[in-house]
file upload_37.cif (mmCIF, C-alpha atoms)
data_structure
loop_
_atom_site.label_atom_id
_atom_site.label_comp_id
_atom_site.auth_asym_id
_atom_site.auth_seq_id
_atom_site.Cartn_x
_atom_site.Cartn_y
_atom_site.Cartn_z
CA MET A 199 91.02 132.72 92.65
CA ILE A 200 91.00 130.84 89.36
CA PHE A 201 88.21 128.60 90.61
CA GLY A 202 85.97 131.45 91.74
CA PRO A 203 83.60 131.25 88.74
CA TYR A 204 83.03 127.54 89.40
CA LEU A 205 81.60 128.11 92.89
CA SER A 206 78.48 129.98 93.92
CA ALA A 207 79.19 132.92 96.25
CA GLU A 208 76.38 131.76 98.55
CA LEU A 209 78.28 128.57 99.39
CA LEU A 210 81.20 130.57 100.81
CA GLU A 211 79.26 133.14 102.82
CA GLN A 212 79.62 133.51 106.57
CA GLY A 213 77.41 131.35 108.77
CA GLU A 214 74.51 132.87 110.61
CA LYS A 215 75.54 131.51 114.00
CA LYS A 216 78.23 129.56 115.81
CA HIS A 217 81.39 128.81 113.81
CA HIS A 218 82.52 131.26 111.11
CA SER A 219 79.63 133.62 111.87
CA ARG A 220 81.92 136.66 112.16
CA GLU A 221 84.26 138.13 109.57
CA ARG A 222 87.79 137.45 110.73
CA THR A 223 91.16 136.74 109.16
CA TYR A 224 90.28 133.03 109.00
CA SER A 225 86.68 133.32 107.87
CA PHE A 226 84.94 130.42 106.16
CA ARG A 227 85.90 131.76 102.74
CA SER A 228 89.55 132.41 103.54
CA THR A 229 89.93 129.14 105.47
CA PHE A 230 88.34 127.16 102.65
CA TRP A 231 90.58 128.64 99.96
CA ALA A 232 93.65 128.28 102.19
CA PHE A 233 92.82 124.61 102.70
CA VAL A 234 92.32 124.15 98.94
CA SER A 235 95.70 125.78 98.33
CA GLN A 236 97.27 123.45 100.87
CA VAL A 237 95.99 120.25 99.25
CA LEU A 238 96.95 121.51 95.78
CA ASN A 239 100.56 121.90 96.95
CA PRO A 240 101.80 118.45 97.99
CA ARG A 241 103.33 118.26 101.47
CA MET A 242 102.58 121.90 102.32
CA SER A 243 102.55 122.39 106.08
CA CYS A 244 100.03 124.48 108.02
CA ARG A 245 102.81 126.91 108.91
CA GLU A 246 103.52 127.53 105.23
CA VAL A 247 99.81 128.18 104.63
CA VAL A 248 99.90 130.81 107.38
CA ARG A 249 102.86 132.43 105.63
CA LYS A 250 100.84 132.60 102.41
CA VAL A 251 97.97 134.27 104.27
CA GLN A 252 100.41 136.73 105.83
CA SER A 253 101.88 137.50 102.41
CA PHE A 254 98.40 138.10 100.96
CA CYS A 255 97.43 140.41 103.83
CA SER A 256 100.65 142.39 103.43
CA GLU A 257 100.01 142.76 99.70
CA GLN A 258 96.43 143.97 100.26
CA GLY A 259 97.24 146.30 103.14
CA LEU A 260 95.24 144.22 105.66
CA ALA A 261 96.10 143.38 109.23
CA VAL A 262 98.76 140.67 109.19
CA PRO A 263 97.81 137.69 111.41
CA GLY A 264 100.19 136.07 113.87
CA SER A 265 102.83 133.58 112.78
CA ALA A 266 101.52 130.66 114.82
CA ASP A 267 99.42 128.12 112.94
CA SER A 268 97.02 127.45 115.83
CA ALA A 269 94.33 129.87 114.58
CA TYR A 270 94.38 128.33 111.11
CA CYS A 271 94.20 124.78 112.46
CA GLN A 272 91.26 125.70 114.67
CA ALA A 273 89.51 127.37 111.75
CA ARG A 274 89.99 124.20 109.67
CA SER A 275 88.41 122.07 112.38
CA LYS A 276 85.32 124.34 112.36
CA LEU A 277 84.62 123.93 108.65
CA SER A 278 81.12 122.51 108.38
CA LEU A 279 81.04 119.08 106.75
CA LYS A 280 77.52 119.84 105.54
CA ARG A 281 78.67 122.95 103.68
CA LEU A 282 81.70 121.14 102.28
CA LYS A 283 79.35 118.44 101.00
CA GLN A 284 77.22 121.11 99.30
CA ILE A 285 80.33 122.61 97.69
CA HIS A 286 81.42 119.21 96.40
CA GLN A 287 77.98 118.49 94.96
CA SER A 288 77.87 121.91 93.29
CA VAL A 289 81.28 121.45 91.64
CA ALA A 290 80.51 117.88 90.55
CA GLU A 291 77.14 118.83 89.05
CA ARG A 292 78.62 121.78 87.20
CA LEU A 293 81.35 119.57 85.80
CA LEU A 294 78.85 116.95 84.64
CA GLN A 295 76.83 119.64 82.89
CA ARG A 296 79.90 120.53 80.83
CA VAL A 297 80.28 116.99 79.45
CA PRO A 298 79.41 117.09 75.71
CA GLN A 299 77.17 114.46 74.17
CA GLY A 300 80.05 113.23 72.03
CA TRP A 301 81.99 112.06 75.09
CA LEU A 302 79.26 109.61 76.16
CA TRP A 303 79.28 105.87 75.41
CA HIS A 304 76.43 105.02 73.04
CA GLY A 305 74.74 108.16 74.32
CA ARG A 306 74.81 106.89 77.92
CA LYS A 307 76.65 108.07 81.01
CA VAL A 308 79.13 105.59 82.46
CA ARG A 309 80.19 105.55 86.12
CA VAL A 310 83.30 103.59 87.13
CA VAL A 311 83.54 102.17 90.66
CA ASP A 312 86.83 101.14 92.23
CA GLY A 313 88.37 100.94 95.69
CA THR A 314 91.64 102.00 97.25
CA GLY A 315 93.35 102.40 100.62
CA ILE A 316 94.62 105.60 102.24
CA ASN A 317 97.12 105.70 105.10
CA LEU A 318 96.40 107.86 108.15
CA PRO A 319 98.62 109.14 110.96
CA ASP A 320 99.15 106.62 113.73
CA THR A 321 96.99 108.08 116.51
CA LYS A 322 94.64 106.38 118.95
CA LEU A 323 91.58 108.04 117.44
CA ASN A 324 92.49 107.02 113.90
CA GLN A 325 93.36 103.48 114.99
CA ALA A 326 89.97 103.14 116.70
CA ALA A 327 88.04 104.31 113.63
CA PHE A 328 90.22 102.72 110.92
CA PRO A 329 92.33 99.91 112.43
CA GLN A 330 95.58 98.96 110.78
CA SER A 331 96.02 95.76 108.80
CA ALA A 332 95.90 92.58 110.85
CA ALA A 333 99.18 91.53 109.23
CA GLN A 334 101.02 94.39 110.98
CA LEU A 335 102.29 94.13 114.52
CA PRO A 336 100.77 96.43 117.15
CA GLY A 337 102.54 99.77 117.27
CA CYS A 338 104.33 99.16 113.96
CA GLY A 339 101.65 99.97 111.41
CA PHE A 340 99.38 102.79 110.33
CA PRO A 341 95.59 103.11 110.22
CA VAL A 342 94.17 102.50 106.76
CA MET A 343 90.92 103.95 105.48
CA GLN A 344 89.31 102.07 102.62
CA VAL A 345 87.55 104.27 100.05
CA VAL A 346 85.24 102.98 97.32
CA ALA A 347 84.93 105.79 94.79
CA CYS A 348 82.59 106.40 91.86
CA PHE A 349 84.15 108.29 88.93
CA CYS A 350 82.66 109.77 85.79
CA LEU A 351 84.30 107.87 82.93
CA HIS A 352 83.97 110.82 80.54
CA SER A 353 85.39 113.68 82.63
CA GLY A 354 87.31 111.86 85.39
CA ALA A 355 85.31 113.64 88.12
CA LEU A 356 85.03 111.90 91.50
CA LEU A 357 81.28 111.98 92.12
CA HIS A 358 80.60 109.88 95.21
CA TRP A 359 82.49 107.71 97.65
CA VAL A 360 82.12 105.53 100.73
CA SER A 361 84.82 105.26 103.39
CA THR A 362 85.11 102.34 105.75
CA LYS A 363 87.55 100.06 107.54
CA LEU A 364 90.12 98.04 105.64
CA SER A 365 88.67 94.77 106.98
CA GLU A 366 85.39 95.22 105.06
CA HIS A 367 85.13 93.91 101.51
CA GLU A 368 84.51 96.37 98.69
CA SER A 369 81.65 94.48 97.05
CA PRO A 370 78.99 95.11 99.77
CA LEU A 371 79.79 98.83 99.59
CA LEU A 372 78.52 99.18 96.02
CA PRO A 373 74.84 99.31 97.11
CA LYS A 374 75.66 102.39 99.21
CA LEU A 375 76.67 104.22 96.03
CA LEU A 376 73.66 103.20 93.94
CA PRO A 377 71.23 105.74 95.52
CA PHE A 378 73.43 108.54 94.15
CA LEU A 379 73.20 107.21 90.58
CA GLN A 380 70.41 107.91 88.12
CA ALA A 381 68.32 105.52 86.08
CA GLY A 382 69.77 104.94 82.62
CA GLU A 383 73.40 105.20 83.71
CA VAL A 384 75.91 102.35 83.30
CA VAL A 385 78.06 101.06 86.16
CA LEU A 386 81.48 99.70 85.19
CA THR A 387 83.42 97.62 87.75
CA ASP A 388 86.01 94.88 88.02
CA ARG A 389 85.38 91.27 89.05
CA GLY A 390 85.40 92.04 92.79
CA TYR A 391 81.91 93.59 92.56
CA CYS A 392 80.38 90.90 90.35
CA SER A 393 77.66 89.25 92.44
CA TYR A 394 74.01 88.36 92.09
CA SER A 395 72.95 90.97 94.67
CA ASN A 396 74.82 93.83 93.01
CA LEU A 397 73.49 93.00 89.54
CA ALA A 398 69.93 92.63 90.87
CA LEU A 399 70.11 95.93 92.79
CA CYS A 400 71.34 97.71 89.68
CA ARG A 401 68.42 96.37 87.66
CA GLN A 402 65.92 97.39 90.36
CA LYS A 403 67.13 100.99 90.12
CA GLY A 404 67.09 101.04 86.32
CA ILE A 405 70.89 101.03 86.12
CA ASP A 406 72.80 98.76 83.76
CA ALA A 407 76.07 97.09 84.76
CA VAL A 408 79.17 95.91 82.96
CA MET A 409 81.45 93.75 85.10
CA ARG A 410 84.13 91.16 84.72
CA LEU A 411 82.93 87.71 85.74
CA HIS A 412 83.97 86.66 89.22
CA GLY A 413 86.49 83.82 89.23
CA ALA A 414 84.37 81.69 91.58
CA ARG A 415 81.45 81.47 89.14
CA LYS A 416 81.69 78.80 86.47
CA VAL A 417 80.03 79.43 83.11
CA ASP A 418 78.84 76.96 80.51
CA LEU A 419 78.33 78.61 77.11
CA ARG A 420 76.18 75.65 76.02
CA GLN A 421 73.39 76.92 78.27
CA GLY A 422 71.10 79.86 77.62
CA LYS A 423 70.14 81.67 74.43
CA ASN A 424 72.74 82.13 71.73
CA LEU A 425 73.33 85.76 70.68
CA GLY A 426 76.44 85.17 68.61
CA LYS A 427 79.85 83.60 68.77
CA GLN A 428 80.75 83.18 72.47
CA ASP A 429 77.88 85.48 73.40
CA ARG A 430 75.05 84.00 75.47
CA LEU A 431 71.96 85.12 77.34
CA GLN A 432 71.57 83.22 80.62
CA VAL A 433 69.32 83.25 83.67
CA TRP A 434 70.90 83.46 87.12
CA LYS A 435 68.90 82.26 90.10
CA ARG A 436 69.10 83.87 93.49
CA PRO A 437 71.48 81.95 95.80
CA GLN A 438 70.23 80.49 99.05
CA ASN A 439 72.84 81.97 101.35
CA GLN A 440 74.25 85.48 101.51
CA THR A 441 75.91 87.78 104.05
CA ALA A 442 76.07 91.17 102.32
CA LEU A 443 72.40 92.17 102.78
CA SER A 444 69.87 91.81 105.55
CA ARG A 445 67.22 89.09 105.35
CA HIS A 446 64.56 91.63 104.38
CA GLN A 447 66.73 93.20 101.65
CA TRP A 448 67.62 89.77 100.31
CA GLY A 449 63.96 88.83 100.15
CA GLN A 450 63.18 91.93 98.09
CA LEU A 451 65.54 90.83 95.31
CA PRO A 452 64.04 88.97 92.32
CA ARG A 453 64.32 85.20 92.32
CA GLU A 454 66.16 85.28 89.00
CA ILE A 455 67.75 87.80 86.64
CA THR A 456 68.71 87.64 82.98
CA VAL A 457 72.32 88.51 82.19
CA ARG A 458 74.48 88.48 79.10
CA ILE A 459 77.84 86.70 79.22
CA VAL A 460 80.49 87.51 76.65
CA ARG A 461 83.81 85.79 76.14
CA VAL A 462 86.57 87.89 74.61
CA LEU A 463 89.97 86.62 73.45
CA ILE A 464 92.66 89.29 73.82
CA GLN A 465 95.34 88.74 71.21
CA VAL A 466 98.10 91.35 71.31
CA ARG A 467 101.46 90.83 69.66
CA GLY A 468 104.01 89.98 72.30
CA PHE A 469 101.34 89.03 74.84
CA ARG A 470 99.95 85.64 75.72
CA VAL A 471 96.38 85.03 74.56
CA ARG A 472 94.09 85.91 77.41
CA THR A 473 90.42 85.11 77.96
CA LEU A 474 88.15 87.80 79.35
CA TRP A 475 84.65 87.01 80.60
CA ILE A 476 82.26 89.97 80.80
CA VAL A 477 78.86 89.97 82.51
CA THR A 478 76.37 92.71 81.67
CA THR A 479 72.68 93.58 81.85
CA LEU A 480 72.92 95.17 78.39
CA THR A 481 71.25 92.27 76.62
CA ASP A 482 70.70 93.74 73.13
CA PRO A 483 73.56 92.56 70.86
CA LYS A 484 72.61 95.02 68.11
CA LEU A 485 72.68 98.13 70.29
CA TYR A 486 75.72 96.95 72.27
CA PRO A 487 77.94 94.70 70.15
CA LYS A 488 80.40 92.36 71.74
CA HIS A 489 83.51 94.30 70.74
CA ASP A 490 82.00 97.54 72.15
CA LEU A 491 81.54 95.88 75.53
CA ALA A 492 85.14 94.67 75.46
CA GLU A 493 86.40 98.15 74.59
CA LEU A 494 84.28 99.68 77.36
CA TYR A 495 85.69 97.30 79.94
CA ARG A 496 89.18 98.15 78.75
CA ARG A 497 88.44 101.78 79.60
CA ARG A 498 87.78 100.72 83.19
CA TRP A 499 91.51 101.17 83.73
CA GLN A 500 90.82 104.90 83.60
CA ALA A 501 89.60 104.66 87.20
CA GLU A 502 93.03 103.39 88.24
CA LEU A 503 94.62 106.38 86.51
CA CYS A 504 92.22 108.78 88.26
CA LEU A 505 93.12 107.24 91.62
CA ARG A 506 96.78 107.65 90.73
CA ASP A 507 96.18 111.33 89.94
CA ILE A 508 94.52 112.09 93.23
CA LYS A 509 96.68 109.83 95.42
CA THR A 510 100.15 110.15 93.88
CA THR A 511 100.08 113.45 92.00
CA MET A 512 98.12 115.29 94.69
CA ALA A 513 99.79 113.29 97.53
CA MET A 514 96.53 112.04 99.06
CA GLU A 515 98.01 108.59 99.61
CA GLN A 516 98.95 109.61 103.14
CA LEU A 517 96.64 112.05 104.93
CA ARG A 518 98.01 114.09 107.81
CA CYS A 519 95.08 114.92 110.09
CA LYS A 520 95.15 113.17 113.45
CA SER A 521 91.45 112.61 114.16
CA PRO A 522 88.67 110.95 112.11
CA ALA A 523 86.67 114.21 112.06
CA MET A 524 89.56 116.13 110.51
CA VAL A 525 90.38 113.21 108.20
CA ALA A 526 86.83 113.49 106.79
CA ARG A 527 87.38 117.22 106.12
CA GLU A 528 90.81 116.69 104.58
CA LEU A 529 89.51 113.91 102.31
CA ARG A 530 86.59 116.05 101.11
CA LEU A 531 88.88 119.03 100.44
CA PHE A 532 91.18 116.81 98.38
CA ILE A 533 88.23 115.63 96.30
CA ILE A 534 86.89 119.17 95.83
CA ALA A 535 90.32 120.38 94.68
CA TYR A 536 90.65 117.35 92.39
CA ASN A 537 87.28 118.07 90.76
CA LEU A 538 88.18 121.75 90.33
CA LEU A 539 91.30 120.67 88.46
CA ARG A 540 89.19 118.30 86.38
CA MET A 541 86.93 121.27 85.59
CA LEU A 542 89.89 123.20 84.17
CA ILE A 543 90.96 120.18 82.11
CA ALA A 544 87.42 119.72 80.77
CA GLU A 545 87.21 123.40 79.80
CA SER A 546 90.55 123.13 78.00
CA ALA A 547 89.48 119.93 76.23
CA ILE A 548 86.22 121.51 75.04
CA VAL A 549 87.90 124.67 73.74
CA PHE A 550 90.66 122.83 71.86
CA ASP A 551 88.64 119.75 70.85
CA TYR A 552 90.41 117.05 72.84
CA HIS A 553 89.27 114.40 75.28
CA PRO A 554 90.08 115.04 78.97
CA HIS A 555 92.00 111.76 79.25
CA GLN A 556 94.37 112.98 76.53
CA ILE A 557 95.51 115.86 78.75
CA SER A 558 98.10 115.35 81.49
CA PHE A 559 96.68 115.86 84.97
CA LYS A 560 100.16 116.40 86.46
CA ALA A 561 100.98 119.09 83.91
CA ALA A 562 97.64 120.81 84.55
CA ALA A 563 98.33 120.89 88.30
CA ASP A 564 101.83 122.30 87.74
CA THR A 565 100.53 124.95 85.33
CA LEU A 566 97.82 126.00 87.76
CA ARG A 567 100.30 126.53 90.60
CA GLN A 568 102.42 128.85 88.46
CA TYR A 569 99.47 130.85 87.08
CA ARG A 570 97.83 131.63 90.42
CA LYS A 571 100.03 134.67 90.99
CA ALA A 572 99.10 136.07 87.57
CA PHE A 573 95.40 135.72 88.38
CA ARG A 574 95.84 137.34 91.79
CA THR A 575 97.69 140.37 90.46
CA CYS A 576 95.20 140.97 87.61
CA ARG A 577 91.91 140.26 89.38
CA ALA A 578 90.88 143.93 89.12
CA SER A 579 91.04 143.81 85.31
CA PRO A 580 88.44 141.46 83.73
CA ARG A 581 90.00 141.87 80.29
CA LYS A 582 93.43 140.73 81.50
CA LEU A 583 91.88 137.86 83.45
CA LYS A 584 90.11 136.62 80.35
CA ARG A 585 93.32 136.78 78.33
CA ILE A 586 95.31 134.97 81.04
CA LEU A 587 92.63 132.29 81.33
CA GLY A 588 92.85 131.69 77.58
CA HIS A 589 96.61 131.24 77.87
CA LEU A 590 96.17 128.87 80.81
CA LEU A 591 93.70 126.66 78.96
CA ARG A 592 95.90 126.56 75.86
CA ILE A 593 98.99 125.56 77.85
CA ILE A 594 97.01 122.86 79.67
CA ALA A 595 95.78 121.47 76.33
CA GLN A 596 99.32 121.39 74.93
CA ALA A 597 100.49 118.93 77.63
CA ARG A 598 98.94 115.81 76.16
CA VAL A 599 99.51 112.25 77.29
CA ALA A 600 101.35 110.10 74.76
CA ASP A 601 99.29 107.37 73.12
CA ARG A 602 101.01 104.09 73.97
CA PRO A 603 98.60 101.26 73.12
CA ASN A 604 99.14 97.87 74.73
CA ARG A 605 102.09 99.15 76.72
CA TYR A 606 103.25 96.80 79.46
CA GLU A 607 104.86 98.35 82.54
CA PRO A 608 105.10 96.15 85.64
CA ARG A 609 104.96 98.00 88.94
CA MET A 610 108.59 98.11 90.05
CA LEU A 611 110.86 100.50 91.89
CA LYS A 612 114.30 101.12 90.47
CA ARG A 613 115.64 103.33 93.26
CA ARG A 614 116.55 101.27 96.32
CA PRO A 615 115.42 102.45 99.76
CA LYS A 616 118.01 103.03 102.44
CA PRO A 617 118.81 99.82 104.34
CA TYR A 618 117.30 100.87 107.64
CA GLN A 619 116.02 98.26 110.02
CA ARG A 620 112.27 97.58 109.78
CA MET A 621 110.19 98.40 112.83
CA THR A 622 108.91 95.20 114.44
CA LYS A 623 108.28 96.67 117.91
CA PRO A 624 106.87 99.98 119.14
CA ARG A 625 109.42 102.78 119.00
CA SER A 626 109.47 103.14 122.80
CA ILE A 627 110.98 99.66 123.24
CA ALA A 628 112.63 99.10 119.85
CA ARG A 629 116.42 98.91 119.68
CA VAL A 630 118.73 98.81 116.67
CA SER A 631 120.18 95.35 116.15
CA PRO A 632 123.99 95.27 116.24
CA SER A 633 124.04 93.22 113.06
CA ARG A 634 122.08 95.99 111.29
CA ARG A 635 124.07 98.78 112.87
CA TYR A 636 127.35 97.49 111.55
CA LYS A 637 126.09 95.92 108.34
CA GLY A 638 128.97 95.73 105.90
CA LYS A 639 131.37 97.28 108.37
CA LYS A 640 133.46 96.05 111.23
CA PRO A 641 132.88 97.79 114.56
CA LEU A 642 135.66 100.19 115.43
CA LYS A 643 138.00 99.10 118.22
CA PRO A 644 138.26 101.45 121.17
CA ALA A 645 141.18 103.82 120.89
CA LEU A 646 144.22 103.10 123.09
CA THR A 647 144.89 105.53 125.91
#

call {"tool": "encode", "arguments": {"input": "upload_37.cif", "output": "structure tokens"}}
result
Amino acid sequence: MIFGPYLSAELLEQGEKKHHSRERTYSFRSTFWAFVSQVLNPRMSCREVVRKVQSFCSEQGLAVPGSADSAYCQARSKLSLKRLKQIHQSVAERLLQRVPQGWLWHGRKVRVVDGTGINLPDTKLNQAAFPQSAAQLPGCGFPVMQVVACFCLHSGALLHWVSTKLSEHESPLLPKLLPFLQAGEVVLTDRGYCSYSNLALCRQKGIDAVMRLHGARKVDLRQGKNLGKQDRLQVWKRPQNQTALSRHQWGQLPREITVRIVRVLIQVRGFRVRTLWIVTTLTDPKLYPKHDLAELYRRRWQAELCLRDIKTTMAMEQLRCKSPAMVARELRLFIIAYNLLRMLIAESAIVFDYHPHQISFKAAADTLRQYRKAFRTCRASPRKLKRILGHLLRIIAQARVADRPNRYEPRMLKRRPKPYQRMTKPRSIARVSPSRRYKGKKPLKPALT
């Protein structure tokens, strides 16, 4: 495998007891790599994965397993979540170690937090764990799992995440990610996470924050200490009422915190002048000038692009496992495969002196799929493998994303969907309306006999 050097052999060894303790066709190692291959190939079915395993066994002169996908599905369900977590942590840490000092922001590591929703198959187990939106009629919607993810701004790696129901707000989930962060790092979020409790918790852990000001908070630039034009240092007092934290946790927060509020006017030709309010705990205007904070917040959009890469490019927008336990495994495998791809992109960027965000993620995924056969056929020759890896990294670096500053592209769909009737009742009792059945056509008259 191309990703073999990025994983420790100990993480893929057989278990000592219970599941995957014996060497079989679908051992832990083979099942893990088969699952990775499945998530790297959008919409690949379990049956097609079995065919790939059969093809590999035929090529290597091994016993060819049966054609049914039951054994593979059972092997997937026995993958230990604890071991998958260790694999994810190992890949993420190795990727962070490869980040050069020149990629950092003012010499500091920046972590971007953003949330998204993922559709799940409509099963009773999934509906119980992740209920569908309240706006959808019973039997007509799909379970939705909300994921709040923490990305590395410099490499695009997905480091940590929290999954919950769609009905919960994203802001109270930020404190669950803070224990995974280190003192001295900078958290970058949008206005949805801007609250007194989140800012105070960040300061308690030695983490700085850069957020857009929440729309419900009114700011008066005449108050506080003046740091420059439309740049003030203000003191926020702890509110009386809150619902995000317990009474004990709320009491542990400081009674007041000092924050810096910056007002930025965005003037782009062809755009309306827009005002941007930024709240941060980086209070030194000399170390962190106003325009640097504005440029950093602009880079927050990179989290949206990373979510697009993993959801749209890798087709994680709709998971396919039918139970919450398997959904957790499928989600973790998607993230592991995503980080492995980010590792390849980072290696290519380092070798050819680019930034990872200048390299197309989609092109890297396509190139990887075509080069896997070359790696498999030459794995017995280290010299050939090294040469092929050099070609792979060069081709990945050549597919760069075009620089289109201030481009405006509203989210629209040009291709029209087919005019099928929308489901407003469960399928067992739903019937096609005659007006929809004959839309644009007159019903045919019965033929004369």

call {"tool": "closest_atom_pairs", "arguments": {"input": "upload_37.cif", "of": "segment 498-528 of chain A", "to": "segment 273-282 of chain A", "cutoff": "12 Å", "atoms": "only C-alpha atoms", "output": "JSON lines"}}
result
{"residue": "A:Cys519", "atom": "CA", "partner": "A:Ser275", "partner_atom": "CA", "distance": 10.0}
{"residue": "A:Lys520", "atom": "CA", "partner": "A:Ser275", "partner_atom": "CA", "distance": 11.2}
{"residue": "A:Ser521", "atom": "CA", "partner": "A:Ser275", "partner_atom": "CA", "distance": 10.1}
{"residue": "A:Pro522", "atom": "CA", "partner": "A:Ser275", "partner_atom": "CA", "distance": 11.1}
{"residue": "A:Ala523", "atom": "CA", "partner": "A:Ser275", "partner_atom": "CA", "distance": 8.1}
{"residue": "A:Met524", "atom": "CA", "partner": "A:Ser275", "partner_atom": "CA", "distance": 6.3}
{"residue": "A:Val525", "atom": "CA", "partner": "A:Ser275", "partner_atom": "CA", "distance": 10.0}
{"residue": "A:Ala526", "atom": "CA", "partner": "A:Leu279", "partner_atom": "CA", "distance": 8.0}
{"residue": "A:Arg527", "atom": "CA", "partner": "A:Leu279", "partner_atom": "CA", "distance": 6.6}
{"residue": "A:Glu528", "atom": "CA", "partner": "A:Arg274", "partner_atom": "CA", "distance": 9.1}

call {"tool": "closest_residue", "arguments": {"input": "upload_37.cif", "among": "A:Asn604, A:Ile594, A:Trp231, A:Arg222", "to": "Ala269 of chain A", "atoms": "all atoms listed in the file"}}
result
A:Arg222

call {"tool": "resolve_selection", "arguments": {"input": "upload_37.cif", "expression": "the PyMOL selection byres ((chain A and resi 441-447) around 10)", "output": "mmCIF file with C-alpha atoms, in the coordinates of the input"}}
result
data_model
loop_
_atom_site.group_PDB
_atom_site.id
_atom_site.type_symbol
_atom_site.label_atom_id
_atom_site.label_comp_id
_atom_site.auth_asym_id
_atom_site.auth_seq_id
_atom_site.Cartn_x
_atom_site.Cartn_y
_atom_site.Cartn_z
ATOM 1 C CA HIS A 367 85.130 93.910 101.510
ATOM 2 C CA SER A 369 81.650 94.480 97.050
ATOM 3 C CA PRO A 370 78.990 95.110 99.770
ATOM 4 C CA LEU A 371 79.790 98.830 99.590
ATOM 5 C CA PRO A 373 74.840 99.310 97.110
ATOM 6 C CA SER A 395 72.950 90.970 94.670
ATOM 7 C CA ASN A 396 74.820 93.830 93.010
ATOM 8 C CA LEU A 399 70.110 95.930 92.790
ATOM 9 C CA ASN A 439 72.840 81.970 101.350
ATOM 10 C CA GLN A 440 74.250 85.480 101.510
ATOM 11 C CA TRP A 448 67.620 89.770 100.310
ATOM 12 C CA GLY A 449 63.960 88.830 100.150
ATOM 13 C CA GLN A 450 63.180 91.930 98.090
ATOM 14 C CA LEU A 451 65.540 90.830 95.310
#

call {"tool": "resolve_selection", "arguments": {"input": "upload_37.cif", "expression": "the PyMOL selection byres ((chain A and resi 570-580) around 12)", "output": "count of residues only"}}
result
28

call {"tool": "axis_aligned_box", "arguments": {"input": "upload_37.cif", "around": "segment 621-626 of chain A", "padding_each_side": "8 Å", "output": "JSON"}}
result
{"center_x": 108.5, "center_y": 99.2, "center_z": 117.8, "size_x": 19.3, "size_y": 23.9, "size_z": 26.0}

call {"tool": "resolve_selection", "arguments": {"input": "upload_37.cif", "expression": "the PyMOL selection byres ((chain A and resi 300-307) around 7)", "output": "PyMOL selection string"}}
result
chain A and resi 297-299+308-309+352+383-384

call {"tool": "atom_distance", "arguments": {"input": "upload_37.cif", "atom1": "atom CA of Ser631 of chain A", "atom2": "atom CA of Ala333 of chain A"}}
result
22.4 Å

call {"tool": "closest_residue", "arguments": {"input": "upload_37.cif", "among": "A:Phe349, A:Tyr270, A:Tyr224, A:Phe230", "to": "Trp499 of chain A", "atoms": "all atoms listed in the file"}}
result
A:Phe349

call {"tool": "residues_around", "arguments": {"input": "upload_37.cif", "residues": "Leu357 of chain A", "least_positions_apart": "3", "cutoff": "8 Å", "atoms": "all atoms listed in the file", "output": "VMD selection string"}}
result
chain A and resid 287 290 347 to 350

call {"tool": "residues_around", "arguments": {"input": "upload_37.cif", "residues": "segment 318-326 of chain A", "least_positions_apart": "3", "cutoff": "8 Å", "atoms": "only C-alpha atoms", "output": "mmCIF file with C-alpha atoms, keeping the file's coordinate frame"}}
result
data_model
loop_
_atom_site.group_PDB
_atom_site.id
_atom_site.type_symbol
_atom_site.label_atom_id
_atom_site.label_comp_id
_atom_site.auth_asym_id
_atom_site.auth_seq_id
_atom_site.Cartn_x
_atom_site.Cartn_y
_atom_site.Cartn_z
ATOM 1 C CA PRO A 329 92.330 99.910 112.430
ATOM 2 C CA GLN A 330 95.580 98.960 110.780
ATOM 3 C CA GLY A 339 101.650 99.970 111.410
ATOM 4 C CA PHE A 340 99.380 102.790 110.330
ATOM 5 C CA PRO A 341 95.590 103.110 110.220
ATOM 6 C CA VAL A 342 94.170 102.500 106.760
ATOM 7 C CA MET A 343 90.920 103.950 105.480
ATOM 8 C CA GLN A 516 98.950 109.610 103.140
ATOM 9 C CA LEU A 517 96.640 112.050 104.930
ATOM 10 C CA ARG A 518 98.010 114.090 107.810
ATOM 11 C CA CYS A 519 95.080 114.920 110.090
ATOM 12 C CA LYS A 520 95.150 113.170 113.450
ATOM 13 C CA SER A 521 91.450 112.610 114.160
ATOM 14 C CA PRO A 522 88.670 110.950 112.110
#

call {"tool": "atom_distance", "arguments": {"input": "upload_37.cif", "atom1": "atom CA of Arg241 of chain A", "atom2": "atom CA of Gly259 of chain A"}}
result
28.7 Å

call {"tool": "closest_atom_pairs", "arguments": {"input": "upload_37.cif", "of": "segment 300-407 of chain A", "to": "segment 532-537 of chain A", "cutoff": "9 Å", "atoms": "all atoms listed in the file", "output": "tab-separated table"}}
result
residue	atom	partner	partner_atom	distance
A:Gly354	CA	A:Asn537	CA	8.2
A:Ala355	CA	A:Asn537	CA	5.5
A:Leu356	CA	A:Asn537	CA	6.6
A:Leu357	CA	A:Asn537	CA	8.7

call {"tool": "closest_residue", "arguments": {"input": "upload_37.cif", "among": "A:Val549, A:Leu386, A:Val345, A:Val433", "to": "Ile455 of chain A", "atoms": "all atoms listed in the file"}}
result
A:Val433

call {"tool": "closest_residue", "arguments": {"input": "upload_37.cif", "among": "A:Thr223, A:Lys427, A:His555, A:Ala501", "to": "Leu260 of chain A", "atoms": "all atoms listed in the file"}}
result
A:Thr223

call {"tool": "decode", "arguments": {"input": "upload_37.cif", "residues": "segment 230-236 of chain A", "atoms": "C-alpha atoms", "output": "mmCIF file, in the first residue's frame"}}
result
data_model
loop_
_atom_site.group_PDB
_atom_site.id
_atom_site.type_symbol
_atom_site.label_atom_id
_atom_site.label_comp_id
_atom_site.auth_asym_id
_atom_site.auth_seq_id
_atom_site.Cartn_x
_atom_site.Cartn_y
_atom_site.Cartn_z
ATOM 1 C CA PHE A 230 -8.775 -2.251 7.490
ATOM 2 C CA TRP A 231 -7.098 -1.685 4.126
ATOM 3 C CA ALA A 232 -10.172 -2.991 2.275
ATOM 4 C CA PHE A 233 -12.332 -0.524 4.193
ATOM 5 C CA VAL A 234 -9.881 2.309 3.408
ATOM 6 C CA SER A 235 -10.015 1.359 -0.271
ATOM 7 C CA GLN A 236 -13.803 1.394 -0.128
#
